[in-house]
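Asker: Please find one structure pasted underneath; my questions will follow.
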Amino acid sequence: MSNTNIPAPDLDALPELIGKYRVLGRLGEGATSEVFLAHDDFLDRKVAIKRVRASALADTQDARYYARFFAAEAALVGRLQHPNVVQIYDAVADPLAPYIVMEYVEGSTLRPYCRADQLQSLELVVELGFKCAMALGYVYRQGLVHRDVKPANIMAVLAGGSITDVKITDFGSALNMRSDVTQVYRVGSLAYMSPEQLDGSVLDSRADIYSLGAVLYHMIAGRPPFDAQEQAALVNQIYHREPTPPSALRANVSPGLDAVILGALAKRPEDRHAGWEEFAQALSALIANHEVPRGQLQGVLDSERFTLLRSLEFFASFGDVELWEVVHRANWQRHGFGHALYRRGEEGRSFHIVAQGEVEVYRDGNKVATLAGGTSVGEMAYLAPSPDLRRHSADVVVSKPCTTISFTPETLAQVGPACRHHFDEAFIRVLVRRLHAAHEALAHPRRILVSDPLAVWRPPRETVPGRWRCNRPPLVITRSPR
Ligand SMILES: Nc1ncnc2c1ncn2[C@@H]1O[C@H](COP(=O)(O)OP(=O)(O)O)[C@@H](O)[C@H]1O
Ligand SMILES: [Mg+2]
């Protein structure tokens, strides 16, 4: 595409095209590059294009430096697929100005929300922290340390002026633990940088955990954990000073929240949360244990939904990415006592998974099953291969107020193939269990059958908020007295 006969482009003017992409505007500037909003006419979607500045490439010393940033992101094309990570679609090694094409995030970075006059509720900060921790955990499992976690590299998705989601961006500094032989030291932004990163030590996930802790600190307190005019003073503080507890800088910060943030900011990596899973759990436990004031946000938080689904047997085989798809795509509903999820004879269009509470199944007026958290209902009619089998054969009525998530064929069609596959597997498990129970019922007509014998012996478990549980649902099937 580039023509070496034409003079270098005017840097301030908006280019009309970058490769095949129609440029619509400018989104932001980083240290190394400019980011444009553009349209992909072939796939009919907006994209963000990050292009290394031509001026930067003129200097051979800098050019080598920037080539590394480009290569780091180019290596990730199509690789990072997580709802809270900006997806990298393409990398074009244009000789004049190489560029990266990525998912466009409608919103802004987290920078404005660190300003003392724009601080967000503690509930939202913890929720966003949980999502970032889960996303960076996914990134780490891909073998990557981000190394530049800071507010300017976290995009906030906005809807109606409120933050609804976050996405991690800018993998230009990412260290690939599996393939990078040499580390380029001292990348990252000082205010959020861990002591070991200043040292140039070998880094692991705990360096990013520190940086995310510093970002959350800033979003809570309106100032970063360490602040100094002179770089040397700042470095000295990062090494030696204990940060002021966030509770001293903002009202309503509980001791629990103080501990989680200060834990991430420990000087020595071994004194921090041991990994992303632990940091994420500590953050979600703050919400579950009511250690952050609730109420500003409408309804149930995504993190609570995620944690709830993680505890259900039905979703045991789902990975984090697929579980987030379920959180976002499912239809979440609350049902009161006595509500009929299905009536006998109705055509089955949807299935429900009971997330909390309890439903009872009635056949000819007799209760035949009680289904609690983690069981699916309506899937038989939903999966039916022919129209005559597609009618519900029983009434399903709420016996304890419950939360269900439901899917229709249309909404299930929107989830990715991996997620669909996990649903299929989960359904097969459910169907085999039902078939087994039915066989037992036929073989021993007078016995009360319990399809899951463990359910009889296990004392009712106390639910431990914030802990990942995986209980098998007690599925009790009794024969009708006749
Ligand atoms: N996917 C995106 N969608 C919208 N804006 C973005 C996106 N990625 C980056 N930006 C904007 O561009 C700025 C610079 O992008 P970044 O990838 O951080 O570049 P750099 O490596 O130069 O720091 C960000 O701070 C943000 O304002
Ligand atoms: Mg950046």
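Residue numbers start at 1 in each chain; chains themselves are named A, B, ... in the order of the structure tokens; ligands are numbered from 1 in the order shown.
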For Met155 in chain A, work out the shell of residues within 12 Å, counting only C-alpha atoms and skipping chain neighbours fewer than 3 positions away, then give it as a PyMOL selection string.

Answerer: chain A and resi 27-28+84-86+103-113+128+132+149-152+158+163-170

Asker: Could you pull the residues within 9 Å of range 14-18 of chain A, counting only C-alpha atoms, minus those fewer than 6 positions along the same chain, as JSON, numbers by chain?

Answerer: {"A": [1, 24, 25, 26, 36, 38, 49, 99]}

Asker: When distances are computed from only C-alpha atoms and all ligand atoms, which of A:Ser393, A:Gln142, A:Ser211, A:Ser189 shows the smallest separation from ligand 1?

Answerer: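 The shortest atom-to-atom distance to ligand 1 comes from A:Ser189.
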
Asker: Sort by chain and increasing residue number a table of all residues of range 294-361 of chain A within 7 Å of range 403-416 of chain A, each with its closest pair of atoms and their distance in Å to one decimal, counting only C-alpha atoms, and write it as a Markdown table.

Answerer:
| residue | atom | partner | partner_atom | distance |
| --- | --- | --- | --- | --- |
| A:Glu325 | CA | A:Val415 | CA | 6.6 |
| A:Arg329 | CA | A:Thr411 | CA | 6.8 |
| A:Ala330 | CA | A:Ser406 | CA | 5.7 |
| A:Asn331 | CA | A:Ser406 | CA | 5.1 |
| A:Trp332 | CA | A:Ile405 | CA | 4.5 |
| A:Gln333 | CA | A:Thr404 | CA | 5.4 |
| A:Arg334 | CA | A:Thr403 | CA | 4.5 |
| A:His335 | CA | A:Thr403 | CA | 6.3 |
| A:Arg349 | CA | A:Thr408 | CA | 6.0 |
| A:Ser350 | CA | A:Thr408 | CA | 4.4 |
| A:Phe351 | CA | A:Ser406 | CA | 5.5 |
| A:His352 | CA | A:Ser406 | CA | 4.3 |
| A:Ile353 | CA | A:Ile405 | CA | 5.4 |
| A:Val354 | CA | A:Thr404 | CA | 4.5 |
| A:Ala355 | CA | A:Thr404 | CA | 5.2 |
| A:Gln356 | CA | A:Thr403 | CA | 5.1 |
| A:Gly357 | CA | A:Thr403 | CA | 6.5 |

Asker: May I ask which of the residues A:Ser247, A:Ser311, A:Thr370, A:Gln120 is the closest one to Val397 in chain A, counting only C-alpha atoms?

Answerer: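 So, comparing all the options, the nearest one is A:Thr370.
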
Asker: Please provide the set of residues having any atom within 9 Å of Ser33 in chain A, restricted to only C-alpha atoms, with same-chain residues fewer than 5 positions apart removed, written as JSON, numbers by chain.

Answerer: {"A": [28, 50, 51, 52, 53, 54, 56]}

Asker: Any chance you could list, as a ChimeraX atom specification, the residues in range 306-415 of chain A that come up strand (DSSP E or B) when DSSP is run on the backbone?

Answerer: /A:312,331-335,340-342,347,351-363,366-372,376-377,391,395-407

Asker: Would you put the residues from that selection into a file with N, CA and C atoms, as a short mmCIF file (atom, residue, chain, number, x, y, z; two decimals), in the first residue's frame?

Answerer:
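Final output, saved to result.cif:
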data_model
loop_
_atom_site.label_atom_id
_atom_site.label_comp_id
_atom_site.auth_asym_id
_atom_site.auth_seq_id
_atom_site.Cartn_x
_atom_site.Cartn_y
_atom_site.Cartn_z
N LEU A 312 -21.49 -23.67 40.76
CA LEU A 312 -22.51 -24.64 40.35
C LEU A 312 -21.91 -25.81 39.57
N ASN A 331 -30.15 -14.89 30.11
CA ASN A 331 -31.21 -14.05 30.64
C ASN A 331 -31.36 -14.39 32.13
N TRP A 332 -31.01 -13.44 33.00
CA TRP A 332 -31.06 -13.67 34.44
C TRP A 332 -32.42 -13.23 34.96
N GLN A 333 -33.08 -14.12 35.73
CA GLN A 333 -34.41 -13.77 36.24
C GLN A 333 -34.56 -14.18 37.70
N ARG A 334 -35.34 -13.38 38.43
CA ARG A 334 -35.73 -13.74 39.80
C ARG A 334 -37.18 -14.19 39.74
N HIS A 335 -37.50 -15.28 40.44
CA HIS A 335 -38.89 -15.77 40.44
C HIS A 335 -39.35 -15.94 41.88
N ALA A 340 -44.81 -20.43 38.06
CA ALA A 340 -44.60 -21.62 37.23
C ALA A 340 -43.60 -21.30 36.12
N LEU A 341 -42.45 -21.98 36.17
CA LEU A 341 -41.47 -21.79 35.10
C LEU A 341 -42.01 -22.40 33.81
N TYR A 342 -42.64 -23.58 33.97
CA TYR A 342 -43.25 -24.25 32.82
C TYR A 342 -44.58 -24.84 33.25
N GLU A 347 -45.16 -25.53 24.77
CA GLU A 347 -44.04 -25.87 23.93
C GLU A 347 -42.74 -25.36 24.56
N PHE A 351 -34.51 -23.20 28.14
CA PHE A 351 -34.23 -23.99 29.33
C PHE A 351 -33.70 -23.05 30.40
N HIS A 352 -33.88 -23.46 31.64
CA HIS A 352 -33.40 -22.67 32.78
C HIS A 352 -32.36 -23.47 33.54
N ILE A 353 -31.40 -22.78 34.12
CA ILE A 353 -30.53 -23.41 35.10
C ILE A 353 -30.79 -22.69 36.41
N VAL A 354 -31.14 -23.47 37.42
CA VAL A 354 -31.43 -22.87 38.73
C VAL A 354 -30.10 -22.47 39.35
N ALA A 355 -29.94 -21.18 39.59
CA ALA A 355 -28.67 -20.70 40.16
C ALA A 355 -28.78 -20.63 41.68
N GLN A 356 -29.93 -20.25 42.15
CA GLN A 356 -30.18 -20.16 43.60
C GLN A 356 -31.63 -20.50 43.83
N GLY A 357 -31.96 -20.96 45.03
CA GLY A 357 -33.35 -21.27 45.35
C GLY A 357 -33.70 -22.70 44.95
N GLU A 358 -35.00 -22.94 44.72
CA GLU A 358 -35.45 -24.32 44.52
C GLU A 358 -36.74 -24.35 43.72
N VAL A 359 -36.86 -25.35 42.87
CA VAL A 359 -38.12 -25.55 42.15
C VAL A 359 -38.59 -26.98 42.33
N GLU A 360 -39.90 -27.20 42.17
CA GLU A 360 -40.44 -28.55 42.28
C GLU A 360 -41.08 -28.94 40.97
N VAL A 361 -40.97 -30.23 40.66
CA VAL A 361 -41.53 -30.73 39.40
C VAL A 361 -42.75 -31.59 39.73
N TYR A 362 -43.88 -31.26 39.11
CA TYR A 362 -45.13 -31.99 39.37
C TYR A 362 -45.59 -32.68 38.10
N ARG A 363 -45.97 -33.94 38.29
CA ARG A 363 -46.55 -34.69 37.19
C ARG A 363 -47.93 -35.18 37.65
N ASN A 366 -48.66 -34.74 41.24
CA ASN A 366 -47.77 -35.32 42.24
C ASN A 366 -46.36 -34.77 42.08
N LYS A 367 -45.78 -34.45 43.23
CA LYS A 367 -44.40 -33.94 43.17
C LYS A 367 -43.46 -35.08 42.83
N VAL A 368 -42.68 -34.93 41.78
CA VAL A 368 -41.76 -36.00 41.40
C VAL A 368 -40.30 -35.62 41.60
N ALA A 369 -40.01 -34.36 41.74
CA ALA A 369 -38.61 -33.99 41.95
C ALA A 369 -38.50 -32.61 42.57
N THR A 370 -37.44 -32.43 43.33
CA THR A 370 -37.09 -31.11 43.85
C THR A 370 -35.72 -30.77 43.31
N LEU A 371 -35.60 -29.65 42.65
CA LEU A 371 -34.34 -29.29 42.02
C LEU A 371 -33.78 -28.03 42.66
N ALA A 372 -32.52 -28.11 43.08
CA ALA A 372 -31.88 -26.96 43.72
C ALA A 372 -30.79 -26.41 42.82
N SER A 376 -30.56 -28.12 35.82
CA SER A 376 -31.24 -27.51 34.68
C SER A 376 -32.66 -28.03 34.63
N VAL A 377 -33.55 -27.20 34.14
CA VAL A 377 -34.94 -27.62 33.92
C VAL A 377 -35.38 -27.17 32.54
N ARG A 391 -43.01 -30.65 23.83
CA ARG A 391 -43.94 -30.10 24.83
C ARG A 391 -43.52 -30.54 26.22
N ASP A 395 -45.28 -29.86 35.25
CA ASP A 395 -45.32 -28.48 35.73
C ASP A 395 -44.08 -28.25 36.59
N VAL A 396 -43.44 -27.11 36.41
CA VAL A 396 -42.26 -26.77 37.23
C VAL A 396 -42.58 -25.48 37.97
N VAL A 397 -42.62 -25.59 39.30
CA VAL A 397 -43.10 -24.48 40.12
C VAL A 397 -42.04 -24.10 41.16
N VAL A 398 -41.88 -22.81 41.37
CA VAL A 398 -40.88 -22.33 42.33
C VAL A 398 -41.33 -22.63 43.76
N SER A 399 -40.50 -23.35 44.52
CA SER A 399 -40.85 -23.66 45.90
C SER A 399 -40.06 -22.81 46.90
N LYS A 400 -38.90 -22.31 46.47
CA LYS A 400 -38.17 -21.31 47.27
C LYS A 400 -37.72 -20.24 46.30
N PRO A 401 -37.93 -18.96 46.62
CA PRO A 401 -37.61 -17.89 45.68
C PRO A 401 -36.27 -18.18 45.00
N CYS A 402 -36.25 -18.06 43.69
CA CYS A 402 -35.03 -18.50 43.02
C CYS A 402 -34.57 -17.55 41.92
N THR A 403 -33.29 -17.71 41.62
CA THR A 403 -32.68 -17.01 40.49
C THR A 403 -32.38 -18.05 39.45
N THR A 404 -32.82 -17.82 38.22
CA THR A 404 -32.46 -18.75 37.16
C THR A 404 -31.78 -17.98 36.04
N ILE A 405 -31.01 -18.71 35.26
CA ILE A 405 -30.54 -18.13 34.01
C ILE A 405 -31.13 -18.98 32.90
N SER A 406 -31.57 -18.32 31.85
CA SER A 406 -32.19 -19.09 30.79
C SER A 406 -31.62 -18.71 29.43
N PHE A 407 -31.74 -19.66 28.54
CA PHE A 407 -31.31 -19.48 27.15
C PHE A 407 -32.42 -19.93 26.23
#

Asker: Could you list, as a PyMOL selection string, every residue within 12 Å of Glu73 in chain A, counting only C-alpha atoms and ignoring same-chain residues fewer than 6 positions away?

Answerer: chain A and resi 50-52+66-67+79-80+86-93+98-102+144+146+169-176

Asker: As an exercise, work out the distance from CA of Val35 in chain A to CA of Ser55 in chain A in Å and give it to one decimal place.

Answerer: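 Taking CA of Val35 in chain A as the start and CA of Ser55 in chain A as the end point, the length is 15.0 Å.
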
Asker: Do you have the CA of Leu383 in chain A-CA of Asp364 in chain A distance handy?

Answerer: 22.6 Å

Asker: One number please: atom 10 (N, counted along the ligand's line) of ligand 1 to CA of Lys131 in chain A, in Å, one decimal.

Answerer: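 Rounded to one decimal, the two atoms are 18.6 Å apart.
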
Asker: Closest to Ser205 in chain A among A:Ser284, A:Arg147, A:Val157, A:Pro417, using only C-alpha atoms?

Answerer: A:Arg147

Asker: Between A:Val202, A:Leu190, A:Leu119, A:Ala264, which one has atoms that come closest to His218 in chain A, using only C-alpha atoms?

Answerer: A:Leu119

Asker: Within 10 Å of Phe427 in chain A, counting only C-alpha atoms, which residues qualify if same-chain residues fewer than 6 places away don't, as a PDB file with C-alpha atoms, in the first residue's frame?

Answerer:
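Result saved to result.pdb:
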ATOM      1  CA  PHE A 314     -23.470 -27.564  35.848  1.00  0.00           C
ATOM      2  CA  SER A 376     -31.237 -27.514  34.682  1.00  0.00           C
ATOM      3  CA  GLU A 379     -33.770 -28.967  28.739  1.00  0.00           C
ATOM      4  CA  MET A 380     -35.607 -32.146  27.679  1.00  0.00           C
ATOM      5  CA  LEU A 383     -33.312 -30.520  23.156  1.00  0.00           C
ATOM      6  CA  HIS A 421     -19.501 -27.446  23.544  1.00  0.00           C
ATOM      7  CA  ARG A 433     -28.127 -39.022  35.247  1.00  0.00           C
TER       8      ARG A 433
END

Asker: To test your reading of the structure, identify every residue in range 237-450 of chain A that backbone DSSP assigns to alpha helix (DSSP H), and report it as number ranges by chain.

Answerer: A: 237-240, 255-264, 276-288, 302-310, 320-329, 379-383, 409-413, 417-443

Asker: I'd like the contact shell of Pro224 in chain A - 10 Å cut-off, only C-alpha atoms, skipping same-chain residues fewer than 3 positions apart - returned as a PyMOL selection string.

Answerer: chain A and resi 114+191-192+213-221+227+243

Asker: Would you output that residue set with C-alpha atoms, as a PDB file, in the first residue's frame?

Answerer:
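Writing the result to result-v6.pdb gives the following:
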ATOM      1  CA  CYS A 114      -8.474   8.489  39.203  1.00  0.00           C
ATOM      2  CA  ALA A 191       3.934   5.386  39.747  1.00  0.00           C
ATOM      3  CA  TYR A 192       2.480   1.872  39.372  1.00  0.00           C
ATOM      4  CA  GLY A 213      -3.131  -2.838  43.343  1.00  0.00           C
ATOM      5  CA  ALA A 214      -1.615   0.599  42.674  1.00  0.00           C
ATOM      6  CA  VAL A 215      -4.291   1.371  40.048  1.00  0.00           C
ATOM      7  CA  LEU A 216      -7.097   0.402  42.470  1.00  0.00           C
ATOM      8  CA  TYR A 217      -5.417   2.439  45.213  1.00  0.00           C
ATOM      9  CA  HIS A 218      -5.430   5.460  42.883  1.00  0.00           C
ATOM     10  CA  MET A 219      -9.102   4.916  41.999  1.00  0.00           C
ATOM     11  CA  ILE A 220     -10.020   4.714  45.684  1.00  0.00           C
ATOM     12  CA  ALA A 221      -7.816   7.449  47.115  1.00  0.00           C
ATOM     13  CA  ASP A 227       3.741  10.550  44.812  1.00  0.00           C
ATOM     14  CA  PRO A 243       1.742   3.374  51.558  1.00  0.00           C
TER      15      PRO A 243
END
